[in-house]
Structures are given as structure tokens and as C-alpha cells.
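Pasted below: input-v6.csv, CSV, C-alpha atoms and all ligand atoms.
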```csv
chain,number,residue,atom,x,y,z
F,342,MET,CA,-72.2,-193.8,145.0
F,343,VAL,CA,-72.0,-194.0,148.7
F,344,TYR,CA,-73.4,-197.1,150.3
F,345,LYS,CA,-74.6,-197.4,153.9
F,346,GLU,CA,-75.7,-200.2,156.3
F,347,TYR,CA,-79.4,-200.2,156.6
F,348,GLY,CA,-79.7,-200.5,160.4
F,349,SER,CA,-79.0,-204.0,161.6
F,350,THR,CA,-80.4,-205.8,158.5
F,351,GLY,CA,-77.0,-206.6,157.1
F,352,LYS,CA,-77.9,-204.9,153.8
F,353,GLN,CA,-75.8,-202.1,152.3
F,354,VAL,CA,-78.0,-199.8,150.4
F,355,SER,CA,-77.3,-196.8,148.2
F,356,SER,CA,-77.4,-193.5,150.1
F,357,ILE,CA,-79.5,-192.0,147.3
F,358,GLY,CA,-82.8,-193.8,146.9
F,359,PHE,CA,-85.1,-193.7,143.9
F,360,GLY,CA,-88.5,-192.3,145.0
F,361,GLY,CA,-91.2,-193.4,142.6
F,362,MET,CA,-93.6,-190.6,143.6
F,363,ARG,CA,-92.8,-188.0,141.0
F,364,PHE,CA,-92.8,-189.7,137.7
F,365,PRO,CA,-93.2,-187.2,134.9
F,366,LEU,CA,-96.7,-186.3,133.9
F,367,PRO,CA,-98.5,-187.7,132.1
F,368,HIS,CA,-97.4,-190.9,133.6
F,369,ASP,CA,-95.8,-192.2,130.5
F,370,HIS,CA,-94.3,-195.6,131.5
F,371,ASP,CA,-91.3,-195.4,129.1
F,372,ASN,CA,-90.1,-192.1,130.6
F,373,GLY,CA,-90.5,-193.4,134.1
F,374,ILE,CA,-88.6,-196.6,133.2
F,375,ALA,CA,-85.8,-194.6,131.6
F,376,LEU,CA,-85.5,-192.5,134.8
F,377,LEU,CA,-85.2,-195.6,137.0
F,378,HIS,CA,-82.6,-197.1,134.6
F,379,ALA,CA,-80.6,-193.8,134.8
F,380,ALA,CA,-80.7,-193.9,138.6
F,381,ARG,CA,-79.6,-197.5,138.5
F,382,ASN,CA,-76.6,-196.6,136.2
F,383,MET,CA,-75.4,-194.2,138.9
F,384,GLY,CA,-75.5,-197.1,141.4
F,385,VAL,CA,-78.9,-196.7,143.1
F,386,THR,CA,-80.0,-200.0,144.8
F,387,TYR,CA,-83.0,-198.7,146.8
F,388,PHE,CA,-86.2,-198.3,144.9
F,389,ASP,CA,-89.3,-196.9,146.7
F,390,THR,CA,-92.9,-196.9,145.5
F,391,ALA,CA,-96.4,-197.2,146.9
F,392,PRO,CA,-100.0,-197.7,145.9
F,393,PHE,CA,-101.7,-194.5,144.8
F,394,TYR,CA,-98.5,-192.7,143.8
F,395,CYS,CA,-98.7,-191.1,140.4
F,396,ASP,CA,-102.4,-191.9,139.8
F,397,ASP,CA,-101.8,-195.4,141.2
F,398,GLN,CA,-99.3,-196.2,138.4
F,399,SER,CA,-96.0,-196.0,140.3
F,400,GLU,CA,-95.8,-199.6,141.4
F,401,ASP,CA,-96.6,-200.8,137.8
F,402,ILE,CA,-93.9,-198.5,136.4
F,403,VAL,CA,-91.3,-199.5,139.0
F,404,GLY,CA,-92.2,-203.2,138.5
F,405,GLU,CA,-91.7,-202.9,134.7
F,406,ALA,CA,-88.5,-200.9,135.1
F,407,LEU,CA,-87.0,-203.5,137.5
F,408,ARG,CA,-87.9,-206.4,135.3
F,409,SER,CA,-86.2,-204.7,132.3
F,410,LEU,CA,-82.9,-204.0,134.2
F,411,PRO,CA,-79.9,-205.7,132.6
F,412,ASP,CA,-78.3,-208.5,134.6
F,413,SER,CA,-76.0,-207.2,137.2
F,414,ASP,CA,-74.3,-208.2,140.5
F,415,MET,CA,-75.6,-205.0,142.1
F,416,PRO,CA,-78.5,-205.9,144.4
F,417,VAL,CA,-82.1,-204.4,144.0
F,418,TYR,CA,-83.9,-203.5,147.2
F,419,THR,CA,-87.6,-202.7,146.9
F,420,SER,CA,-89.7,-200.6,149.2
F,421,SER,CA,-93.5,-200.3,149.2
F,422,LYS,CA,-96.2,-199.5,151.7
F,423,SER,CA,-99.7,-200.2,153.0
F,424,SER,CA,-101.8,-197.7,155.0
F,425,GLU,CA,-104.5,-200.3,155.9
F,426,ASN,CA,-105.4,-200.7,159.6
F,427,ASP,CA,-107.1,-204.0,159.2
F,428,GLY,CA,-104.9,-207.0,159.0
F,429,ASN,CA,-106.7,-208.7,156.2
F,430,ASP,CA,-106.8,-205.5,154.1
F,431,PHE,CA,-103.1,-205.0,154.8
F,432,ARG,CA,-102.4,-208.5,153.5
F,433,ARG,CA,-104.4,-207.9,150.4
F,434,SER,CA,-102.6,-204.7,149.8
F,435,LEU,CA,-99.2,-206.4,150.2
F,436,GLU,CA,-100.2,-209.2,147.8
F,437,LYS,CA,-101.2,-206.6,145.2
F,438,SER,CA,-97.9,-204.7,145.6
F,439,LEU,CA,-96.0,-208.0,145.2
F,440,LYS,CA,-97.9,-208.7,142.0
F,441,ARG,CA,-97.4,-205.3,140.6
F,442,LEU,CA,-93.7,-205.2,141.4
F,443,GLY,CA,-93.4,-208.8,140.1
F,444,VAL,CA,-91.2,-209.9,143.0
F,445,PRO,CA,-91.7,-212.8,145.5
F,446,SER,CA,-90.7,-210.6,148.4
F,447,ILE,CA,-90.5,-206.9,149.1
F,448,THR,CA,-87.3,-205.9,150.9
F,449,PHE,CA,-88.6,-203.0,153.0
F,450,PHE,CA,-92.4,-203.0,153.5
F,451,HIS,CA,-93.8,-200.1,155.4
F,452,ILE,CA,-96.8,-199.6,157.6
F,453,TRP,CA,-97.6,-196.4,155.9
F,454,CYS,CA,-98.2,-192.8,157.0
F,455,VAL,CA,-98.5,-193.2,160.7
F,456,MET,CA,-99.6,-189.8,161.8
F,457,ASN,CA,-99.4,-190.0,165.6
F,458,PRO,CA,-99.3,-192.5,168.5
F,459,GLU,CA,-103.0,-193.0,168.4
F,460,ASP,CA,-102.8,-193.9,164.7
F,461,TRP,CA,-100.1,-196.3,165.5
F,462,ARG,CA,-102.2,-198.0,168.2
F,463,ASN,CA,-104.9,-198.4,165.6
F,464,ARG,CA,-102.5,-200.1,163.2
F,465,VAL,CA,-101.7,-202.5,166.1
F,466,LYS,CA,-105.3,-203.0,167.2
F,467,GLY,CA,-106.5,-203.4,163.6
F,468,GLY,CA,-104.0,-206.2,162.9
F,469,ALA,CA,-101.8,-204.4,160.3
F,470,PHE,CA,-98.7,-204.8,162.4
F,471,ALA,CA,-99.3,-208.5,163.1
F,472,ALA,CA,-100.1,-209.0,159.4
F,473,ALA,CA,-96.7,-207.4,158.5
F,474,LEU,CA,-94.8,-209.6,161.0
F,475,LYS,CA,-96.6,-212.8,159.7
F,476,ALA,CA,-95.8,-211.8,156.1
F,477,LYS,CA,-92.2,-211.5,157.2
F,478,GLU,CA,-92.3,-215.0,158.7
F,479,GLU,CA,-93.6,-216.3,155.4
F,480,GLY,CA,-90.9,-214.5,153.4
F,481,LEU,CA,-93.2,-212.1,151.6
F,482,ILE,CA,-91.5,-209.1,153.4
F,483,GLU,CA,-87.8,-209.1,154.3
F,484,HIS,CA,-88.0,-206.2,156.8
F,485,VAL,CA,-90.9,-204.6,158.5
F,486,CYS,CA,-90.7,-200.8,158.5
F,487,VAL,CA,-92.8,-197.8,159.4
F,488,SER,CA,-93.3,-194.6,157.4
F,489,THR,CA,-94.4,-191.8,159.8
F,490,HIS,CA,-95.1,-188.1,160.3
F,491,MET,CA,-94.7,-188.3,164.0
F,492,SER,CA,-92.5,-186.0,166.0
F,493,GLY,CA,-88.9,-186.9,167.0
F,494,THR,CA,-90.0,-187.7,170.6
F,495,GLN,CA,-92.8,-190.0,169.4
F,496,ILE,CA,-90.5,-191.7,166.9
F,497,ALA,CA,-88.0,-192.4,169.6
F,498,ARG,CA,-90.7,-194.0,171.7
F,499,LEU,CA,-92.0,-196.1,168.8
F,500,VAL,CA,-88.4,-197.4,168.2
F,501,GLU,CA,-87.9,-198.2,171.9
F,502,ASP,CA,-91.3,-200.0,172.2
F,503,HIS,CA,-91.0,-202.1,169.0
F,504,PRO,CA,-87.7,-203.8,168.3
F,505,GLU,CA,-89.5,-205.7,165.4
F,506,ILE,CA,-89.5,-202.4,163.4
F,507,GLU,CA,-86.3,-202.5,161.4
F,508,GLY,CA,-86.4,-199.2,159.7
F,509,LEU,CA,-88.3,-195.9,159.4
F,510,THR,CA,-89.1,-193.6,156.6
F,511,VAL,CA,-89.6,-190.0,157.7
F,512,GLY,CA,-89.9,-186.5,156.2
F,513,TYR,CA,-86.5,-185.0,156.9
F,514,CYS,CA,-84.6,-182.2,155.2
F,515,ALA,CA,-82.6,-179.1,155.9
F,516,ILE,CA,-85.7,-177.1,156.7
F,517,ASN,CA,-87.7,-179.4,159.0
F,518,PHE,CA,-85.0,-181.5,160.6
F,519,PRO,CA,-85.3,-180.1,164.2
F,520,TYR,CA,-88.8,-181.6,164.4
F,521,ARG,CA,-87.6,-185.2,163.9
F,522,ARG,CA,-83.9,-185.1,164.8
F,523,LYS,CA,-84.4,-186.7,168.2
F,524,GLY,CA,-86.2,-189.7,166.6
F,525,VAL,CA,-83.8,-190.0,163.8
F,526,VAL,CA,-80.8,-190.2,166.1
F,527,ALA,CA,-82.7,-192.6,168.5
F,528,ALA,CA,-83.5,-194.9,165.6
F,529,HIS,CA,-80.0,-194.9,164.2
F,530,THR,CA,-78.5,-195.5,167.7
F,531,ALA,CA,-80.9,-198.4,168.1
F,532,GLY,CA,-79.7,-200.0,164.9
F,533,ARG,CA,-82.6,-199.1,162.6
F,534,GLY,CA,-82.4,-197.8,159.0
F,535,VAL,CA,-83.6,-194.3,158.5
F,536,VAL,CA,-84.8,-193.1,155.1
F,537,ALA,CA,-85.2,-189.4,154.6
F,538,MET,CA,-88.1,-188.6,152.3
F,539,ASN,CA,-88.7,-185.2,150.8
F,540,PRO,CA,-85.0,-184.2,151.1
F,541,LEU,CA,-85.5,-181.2,148.9
F,542,ALA,CA,-88.6,-179.9,150.7
F,543,GLY,CA,-90.9,-180.8,147.9
F,544,GLY,CA,-88.8,-178.9,145.4
F,545,LEU,CA,-88.7,-175.8,147.5
F,546,ILE,CA,-84.9,-175.8,147.9
F,547,PRO,CA,-84.0,-176.0,144.2
F,548,GLN,CA,-86.8,-173.6,143.3
F,549,HIS,CA,-85.5,-171.0,145.7
F,550,PRO,CA,-81.7,-171.2,145.4
F,551,ASP,CA,-81.0,-167.7,146.7
F,552,THR,CA,-82.9,-168.3,149.9
F,553,PHE,CA,-81.0,-171.5,150.6
F,554,ARG,CA,-77.6,-170.4,149.2
F,555,PHE,CA,-76.2,-170.5,152.8
F,556,LEU,CA,-76.4,-174.3,152.7
F,557,GLN,CA,-73.6,-174.4,150.2
F,558,THR,CA,-69.9,-174.7,150.9
F,559,PRO,CA,-67.4,-173.6,148.3
F,560,ASP,CA,-67.1,-177.2,147.2
F,561,ASP,CA,-70.9,-177.5,146.3
F,562,PRO,CA,-71.8,-176.5,142.8
F,563,ASP,CA,-75.5,-175.7,143.8
F,564,VAL,CA,-78.0,-175.9,146.7
F,565,VAL,CA,-79.3,-179.2,145.6
F,566,THR,CA,-75.9,-180.7,146.0
F,567,ALA,CA,-75.6,-179.1,149.4
F,568,ALA,CA,-79.0,-180.3,150.6
F,569,ILE,CA,-78.3,-183.8,149.6
F,570,ARG,CA,-74.8,-183.8,151.0
F,571,PHE,CA,-76.3,-182.5,154.3
F,572,LEU,CA,-78.2,-185.8,154.5
F,573,VAL,CA,-75.6,-188.2,153.1
F,574,SER,CA,-73.0,-186.8,155.5
F,575,ASP,CA,-75.3,-187.6,158.4
F,576,PRO,CA,-74.4,-191.0,159.8
F,577,ALA,CA,-78.0,-191.2,161.2
F,578,ILE,CA,-79.5,-191.0,157.7
F,579,THR,CA,-79.3,-194.2,155.7
F,580,VAL,CA,-81.0,-193.1,152.4
F,581,ALA,CA,-82.0,-189.7,151.0
F,582,LEU,CA,-85.1,-190.6,149.0
F,583,ILE,CA,-85.4,-188.4,145.9
F,584,GLY,CA,-88.5,-188.3,143.7
F,585,PHE,CA,-86.9,-187.9,140.3
F,586,SER,CA,-88.9,-186.3,137.5
F,587,THR,CA,-86.3,-185.6,134.9
F,588,PRO,CA,-82.9,-186.9,133.9
F,589,GLY,CA,-81.5,-183.6,135.2
F,590,HIS,CA,-82.6,-184.6,138.7
F,591,VAL,CA,-80.7,-187.8,138.5
F,592,GLU,CA,-77.6,-185.9,137.3
F,593,ALA,CA,-77.9,-183.4,140.2
F,594,ALA,CA,-78.1,-186.3,142.7
F,595,ARG,CA,-75.0,-187.9,141.1
F,596,ARG,CA,-73.1,-184.6,141.5
F,597,ALA,CA,-73.8,-184.7,145.2
F,598,VAL,CA,-72.2,-188.1,145.8
F,599,GLU,CA,-69.6,-188.4,143.0
F,600,PRO,CA,-67.1,-187.6,144.2
F,601,PHE,CA,-68.3,-187.6,147.8
F,602,THR,CA,-66.6,-186.1,150.8
F,603,ALA,CA,-68.6,-186.1,153.9
F,604,TYR,CA,-69.0,-182.7,155.6
F,605,PRO,CA,-67.0,-182.9,158.9
F,606,GLU,CA,-69.2,-183.2,162.0
F,607,ALA,CA,-68.1,-179.7,163.1
F,608,HIS,CA,-69.4,-178.3,159.8
F,609,MET,CA,-72.6,-180.3,160.1
F,610,GLU,CA,-73.2,-178.8,163.5
F,611,GLU,CA,-72.5,-175.3,162.2
F,612,LEU,CA,-74.9,-175.9,159.4
F,613,ARG,CA,-77.6,-177.2,161.7
F,614,THR,CA,-77.2,-174.1,163.9
F,615,SER,CA,-77.3,-171.7,161.0
F,616,ILE,CA,-80.3,-173.4,159.5
F,617,GLN,CA,-82.1,-173.0,162.8
F,618,ARG,CA,-80.9,-169.4,163.1
F,619,GLY,CA,-81.7,-168.6,159.5
F,620,PHE,CA,-85.2,-170.0,159.8
F,621,ASP,CA,-86.1,-168.9,163.2
F,622,GLN,CA,-89.1,-167.2,161.8
F,623,MET,CA,-90.3,-170.4,160.2
F,624,CYS,CA,-92.3,-173.1,161.8
F,625,THR,CA,-90.1,-176.1,162.6
F,626,GLY,CA,-93.0,-178.5,162.8
F,627,CYS,CA,-92.2,-179.3,166.4
F,628,GLY,CA,-95.8,-179.7,167.4
F,629,TYR,CA,-95.5,-178.0,170.8
F,630,CYS,CA,-98.4,-175.7,169.9
F,631,LEU,CA,-100.9,-178.6,170.0
F,632,PRO,CA,-103.5,-179.5,171.0
F,633,CYS,CA,-105.8,-176.8,169.6
F,634,PRO,CA,-109.3,-176.8,171.1
F,635,GLN,CA,-110.7,-176.4,167.6
F,636,GLY,CA,-108.7,-179.4,166.4
F,637,ILE,CA,-106.8,-177.3,163.9
F,638,PRO,CA,-103.7,-179.1,162.6
F,639,ILE,CA,-101.5,-176.1,163.3
F,640,PRO,CA,-98.1,-177.5,162.2
F,641,GLN,CA,-99.5,-178.5,158.8
F,642,PHE,CA,-100.9,-175.0,158.2
F,643,MET,CA,-97.7,-173.4,159.4
F,644,ASP,CA,-95.8,-175.6,157.0
F,645,ILE,CA,-98.0,-174.2,154.2
F,646,HIS,CA,-97.2,-170.7,155.6
F,647,ASN,CA,-93.5,-171.5,155.4
F,648,TYR,CA,-93.9,-171.9,151.7
F,649,MET,CA,-95.8,-168.6,151.4
F,650,GLN,CA,-93.0,-166.9,153.4
F,651,LEU,CA,-90.4,-168.3,151.0
F,652,GLY,CA,-92.2,-166.8,148.0
F,653,ALA,CA,-93.5,-170.1,146.7
F,654,ASP,CA,-95.9,-169.8,143.7
F,655,HIS,CA,-99.6,-170.6,143.7
F,656,GLU,CA,-99.0,-174.1,142.4
F,657,GLU,CA,-96.4,-174.9,145.1
F,658,ILE,CA,-98.7,-173.7,147.8
F,659,ALA,CA,-101.7,-175.6,146.5
F,660,GLY,CA,-99.4,-178.6,146.4
F,661,ARG,CA,-98.7,-178.3,150.1
F,662,PHE,CA,-102.5,-178.3,150.9
F,663,LYS,CA,-102.7,-181.5,148.9
F,664,PHE,CA,-99.6,-183.0,150.5
F,665,HIS,CA,-101.2,-182.5,153.9
F,666,TRP,CA,-104.0,-184.9,152.9
F,667,ASP,CA,-106.1,-182.3,151.1
F,668,LEU,CA,-106.3,-179.7,153.9
F,669,THR,CA,-108.5,-176.8,152.8
F,670,PRO,CA,-108.1,-173.1,153.7
F,671,ASP,CA,-111.5,-173.0,155.5
F,672,GLN,CA,-110.2,-175.4,158.1
F,673,ALA,CA,-107.7,-172.7,159.2
F,674,ASP,CA,-110.6,-170.3,159.6
F,675,ARG,CA,-112.0,-172.3,162.6
F,676,CYS,CA,-109.5,-170.5,164.8
F,677,ILE,CA,-111.3,-168.8,167.7
F,678,GLN,CA,-108.1,-166.8,168.6
F,679,CYS,CA,-107.8,-168.3,172.1
F,680,GLY,CA,-104.1,-167.8,172.0
F,681,LEU,CA,-103.1,-171.1,173.6
F,682,CYS,CA,-100.9,-172.1,170.6
F,683,GLU,CA,-99.0,-168.9,170.6
F,684,SER,CA,-98.2,-169.2,174.3
F,685,ARG,CA,-96.7,-172.6,173.6
F,686,CYS,CA,-94.9,-172.0,170.3
F,687,THR,CA,-91.2,-172.7,170.6
F,688,GLN,CA,-90.5,-170.1,167.8
F,689,HIS,CA,-92.9,-167.5,169.2
F,690,LEU,CA,-94.6,-167.3,165.9
F,691,PRO,CA,-97.7,-165.2,165.3
F,692,ILE,CA,-99.8,-168.3,164.6
F,693,ILE,CA,-103.2,-166.6,164.6
F,694,GLN,CA,-102.1,-164.1,162.0
F,695,ARG,CA,-100.5,-166.7,159.9
F,696,LEU,CA,-103.6,-168.9,160.0
F,697,GLN,CA,-105.6,-165.9,158.7
F,698,ARG,CA,-103.2,-165.6,155.8
F,699,VAL,CA,-103.5,-169.3,155.0
F,700,ALA,CA,-107.3,-169.2,155.4
F,701,GLY,CA,-107.4,-166.5,152.7
F,702,PHE,CA,-105.6,-168.6,150.1
F,703,ASP,CA,-107.7,-169.3,147.1
F,704,LEU,CA,-107.2,-172.9,146.1
F,705,THR,CA,-109.3,-172.5,143.0
F,706,ALA,CA,-107.6,-169.4,141.6
F,707,THR,CA,-105.9,-169.7,138.3
F,708,PRO,CA,-102.2,-169.0,138.8
F,801,LIG,S1,-105.5,-169.6,168.8
F,801,LIG,FE1,-106.6,-170.7,167.2
F,801,LIG,S2,-105.2,-172.2,166.4
F,801,LIG,FE2,-104.4,-171.4,168.3
F,801,LIG,S3,-105.1,-172.9,169.8
F,801,LIG,FE3,-106.6,-171.2,169.8
F,801,LIG,S4,-108.1,-171.9,168.3
F,801,LIG,FE4,-106.3,-173.2,168.0
F,802,LIG,S1,-96.2,-173.3,165.2
F,802,LIG,FE1,-94.5,-173.2,166.7
F,802,LIG,S2,-94.9,-174.8,168.2
F,802,LIG,FE2,-96.3,-175.1,166.4
F,802,LIG,S3,-95.1,-176.6,165.2
F,802,LIG,FE3,-94.6,-174.6,164.4
F,802,LIG,S4,-92.8,-173.9,165.5
F,802,LIG,FE4,-93.6,-175.7,166.6
```
Mind turning this structure into C-alpha cells?
Ligand code: SF4
Ligand code: SF4
Amino acid sequence: MVYKEYGSTGKQVSSIGFGGMRFPLPHDHDNGIALLHAARNMGVTYFDTAPFYCDDQSEDIVGEALRSLPDSDMPVYTSSKSSENDGNDFRRSLEKSLKRLGVPSITFFHIWCVMNPEDWRNRVKGGAFAAALKAKEEGLIEHVCVSTHMSGTQIARLVEDHPEIEGLTVGYCAINFPYRRKGVVAAHTAGRGVVAMNPLAGGLIPQHPDTFRFLQTPDDPDVVTAAIRFLVSDPAITVALIGFSTPGHVEAARRAVEPFTAYPEAHMEELRTSIQRGFDQMCTGCGYCLPCPQGIPIPQFMDIHNYMQLGADHEEIAGRFKFHWDLTPDQADRCIQCGLCESRCTQHLPIIQRLQRVAGFDLTATP
């Protein structure tokens, strides 16, 4: 296992994190516990969970699994989250997470799912940020972190404005990295930990190995290895957070770091360039097309279109609608074809046409 400094916290964490968001269905606790133990056996020390994951059972499963770990000198670092705006609600949510995990303190506690700067201002105004800092003073949280879907520029600003934020968890992988690269580098440079969630693009990379074959070097046995090595080789990324569902997933992650040779920086740069070139007809999620006068969340719909373009099946595409907080196809149909977004798109994408395709997706169809 490769271990990295988590920002300036003085903690060394495993570069592969256990993401408790994809426990096997039905959420059988024994299988989930066995998965976490398998990850632990390969040296994982970073364990992430949250309320509502896996039918709201993830924190319970992670708590049970951690309590049943054999004694070891290896540290355990917990991570959980609260999306509450209100300070009192945030506190209640934190206390519930502590209870379910069965720990006196959570190592990395996140102000969860900050969508944009306005959302962040609401977390501050509502008291959530102050509640997190107070909980840290009381020893209930070791490090205050933020999990966000903001753009790279917005993340860089957040980091600059708030030295109290010690780490960030962001969606970041070989497909969407240009959108957040600036923020990830700024956070790392400013001494913050950076956890990359969704490193395999929600399973898209392993499910479409031919499309992503170009990620691989001759040393990589498969695309999963390459996609993980791409992140672990990046000094700006502290943890690649993987949602394991099967023992095979744990084994695949192990192959990516044992033995581990970091890609040289020149190769990383080459890879970044070819990823951008190879996906120049895909939305990078940069957000420059916004705002839309109809309030259409264009980057989210274009992300769904990316999956369609890659030949994702019905279930995967429906999963992307759900991932984007239950977007529905009819919301894409609100487009009045004013053309503003297309004139701003950095990739010169035919957004209107793509929105029409997404709007025509039948969420209820049986695959
Ligand atoms: S063309 Fe459609 S999606 Fe684009 S800005 Fe206009 S209304 Fe919004
Ligand atoms: S549609 Fe174009 S401008 Fe909008 S997020 Fe995607 S790549 Fe960026």
C-alpha cells in the first residue's frame, strides 16, 4: 500500500480509501463487513461513509466492521458527512454518525455535497460551518473537511478563503479531471488533503475497457489499474476513494498499488493531454456554458450524455440521473434553444441536440 500525508494534518493515510457507498445489494451486513476487512488486510486506513448511503445502512455496517477488526498497530481513520445547513441539525447529524460508527471522534468530518458558492454561503449562514468548528474544539471531529461538486476555480477560492478547512473530497477521475484540476492543485499546494471520489467514473471505466484502453501502459494489467494509478501517481491526490462491492474490486485495487511505481510526471502530462484529446467530444463538466436562462443544469445533463456516448446501458444511464440528485429527462426539455450555452461551450458541443437526446430517455423503460 502507498501512504500519503493528508494535507497538513500530520496523518499518513492509505492512498486507496474504502468507500462505503456501494455495499452489495441487498445490504447484507456480513458481506459488507467482510469487504471492509479485506480492504483492511491490504493496508487501507481511510474508511468513508455517510448517512443515507446504501439505504441508510452504510454507517451501521462500517461501524460494525470497524469494531470487529482485529487489534493492530495500523491506524483507523474515519470519514463521514452531514449535508445540514442549520447548525443544530448539523450537530444532531454528527452525534448520530458518532453513535452509529461507535467512535468518540470522527477523523475527517465533511460539510457534505456543497454544490456551488451560494450553497457554501448557506452552510456558513445556517451555522453548519460554525457547528463543525465547535465540534472540532470539543474533540468530536479531528479535521473539518468539505465534500463538494464545485468547479476547480470555485474550489480554489474556497480553499483560499477558509484556512480552517483541512481537506476536500471531490469527484475526480480520468474522465472529468479538467473540471476540477485547478482546485485540486490549489488545495494540495495550500496543504489540504484531497480525496478523489468516484475514481472509476461510477464503474464506467471498468465496464468499457476498450474505450479506455489508452489509459494503460504496458505495465498495467487492466484499465482499472491504470485509472487508479493515474490518481495515486498524482501528488495532489491524497486518497482514491473506491466504492467496493465485491472482493474482486478489492483485489483490483490491490493490483494497482502492489507493487507500485508512480507514473513519471512526463507520462502523467502525456496521459492528461491524450485524455483531453481523446475525449474532446465529451463534456468536461467545466461549467462555462452556465447560466442557462431556463435554469437547466447543463453540465449534469451533458455528463449523462457522456455515458450515452460511451454506450452505457439503460441501468447505468438511469443511475446517472439518480446520481445527479434525481434529475428527470423532462427537465432537459425546458430548453428554448436560445443558443447561449453553445456559444460559451469550451468543447463546442452541440448542447441543444444532446439535451434533446437526454430528454428522450425513458427512465421507466424496462432494460
Ligand atoms: S440553448 Fe437551452 S440549455 Fe442552452 S442556454 Fe439556451 S435554454 Fe439553456
Ligand atoms: S457543455 Fe461545454 S461548457 Fe458546459 S460543462 Fe460541458 S464542456 Fe463545459
Legend entry - Top pick for closest residue to F:Arg408, considering F:Asn429, F:Thr705, F:His503, F:Leu377 and counting all atoms listed in the file: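 Closest to F:Arg408, using all atoms listed in the file: F:Leu377.
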Inset, instruction - Around the point (-111.4, -174.1, 157.6) in the file's coordinates, collect all residues with an atom within 12 Å, using all atoms listed in the file, and return them as number ranges by chain. - result: F: 635-639, 642, 662, 667-677, 696-702
For the residues selected in the previous step, produce a file with C-alpha atoms as a PDB file, keeping the file's coordinate frame.
```pdb
ATOM      1  CA  GLN F 635    -110.700-176.400 167.600  1.00  0.00           C
ATOM      2  CA  GLY F 636    -108.700-179.400 166.400  1.00  0.00           C
ATOM      3  CA  ILE F 637    -106.800-177.300 163.900  1.00  0.00           C
ATOM      4  CA  PRO F 638    -103.700-179.100 162.600  1.00  0.00           C
ATOM      5  CA  ILE F 639    -101.500-176.100 163.300  1.00  0.00           C
ATOM      6  CA  PHE F 642    -100.900-175.000 158.200  1.00  0.00           C
ATOM      7  CA  PHE F 662    -102.500-178.300 150.900  1.00  0.00           C
ATOM      8  CA  ASP F 667    -106.100-182.300 151.100  1.00  0.00           C
ATOM      9  CA  LEU F 668    -106.300-179.700 153.900  1.00  0.00           C
ATOM     10  CA  THR F 669    -108.500-176.800 152.800  1.00  0.00           C
ATOM     11  CA  PRO F 670    -108.100-173.100 153.700  1.00  0.00           C
ATOM     12  CA  ASP F 671    -111.500-173.000 155.500  1.00  0.00           C
ATOM     13  CA  GLN F 672    -110.200-175.400 158.100  1.00  0.00           C
ATOM     14  CA  ALA F 673    -107.700-172.700 159.200  1.00  0.00           C
ATOM     15  CA  ASP F 674    -110.600-170.300 159.600  1.00  0.00           C
ATOM     16  CA  ARG F 675    -112.000-172.300 162.600  1.00  0.00           C
ATOM     17  CA  CYS F 676    -109.500-170.500 164.800  1.00  0.00           C
ATOM     18  CA  ILE F 677    -111.300-168.800 167.700  1.00  0.00           C
ATOM     19  CA  LEU F 696    -103.600-168.900 160.000  1.00  0.00           C
ATOM     20  CA  GLN F 697    -105.600-165.900 158.700  1.00  0.00           C
ATOM     21  CA  ARG F 698    -103.200-165.600 155.800  1.00  0.00           C
ATOM     22  CA  VAL F 699    -103.500-169.300 155.000  1.00  0.00           C
ATOM     23  CA  ALA F 700    -107.300-169.200 155.400  1.00  0.00           C
ATOM     24  CA  GLY F 701    -107.400-166.500 152.700  1.00  0.00           C
ATOM     25  CA  PHE F 702    -105.600-168.600 150.100  1.00  0.00           C
TER      26      PHE F 702
END
```
Inset, instruction - Calculate how many Å separate atom CA of F:Ile569 from atom CA of F:Gly404, rounding to one decimal. - result: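 Calculated distance between atom CA of F:Ile569 and atom CA of F:Gly404 is 26.3 Å.
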Inset, instruction - Select, from F:Asn382, F:Ser349, F:Thr448, F:Asn372, the residue with the minimum atom-to-atom distance to F:Phe585, counting all atoms listed in the file. - result: F:Asn372
Inset, instruction - Find the residue from F:Phe571, F:Pro634, F:Asn426, F:Arg685 that sits nearest to ligand LIG 801 (chain F); use only C-alpha atoms and all ligand atoms when measuring. - result: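 For ligand LIG 801 (chain F), the nearest of the given residues is F:Pro634.
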Legend entry - Counting all atoms listed in the file, the residue of F:Pro519, F:Ile546, F:Lys663, F:Gln678 that sits nearest ligand LIG 802 (chain F): F:Pro519
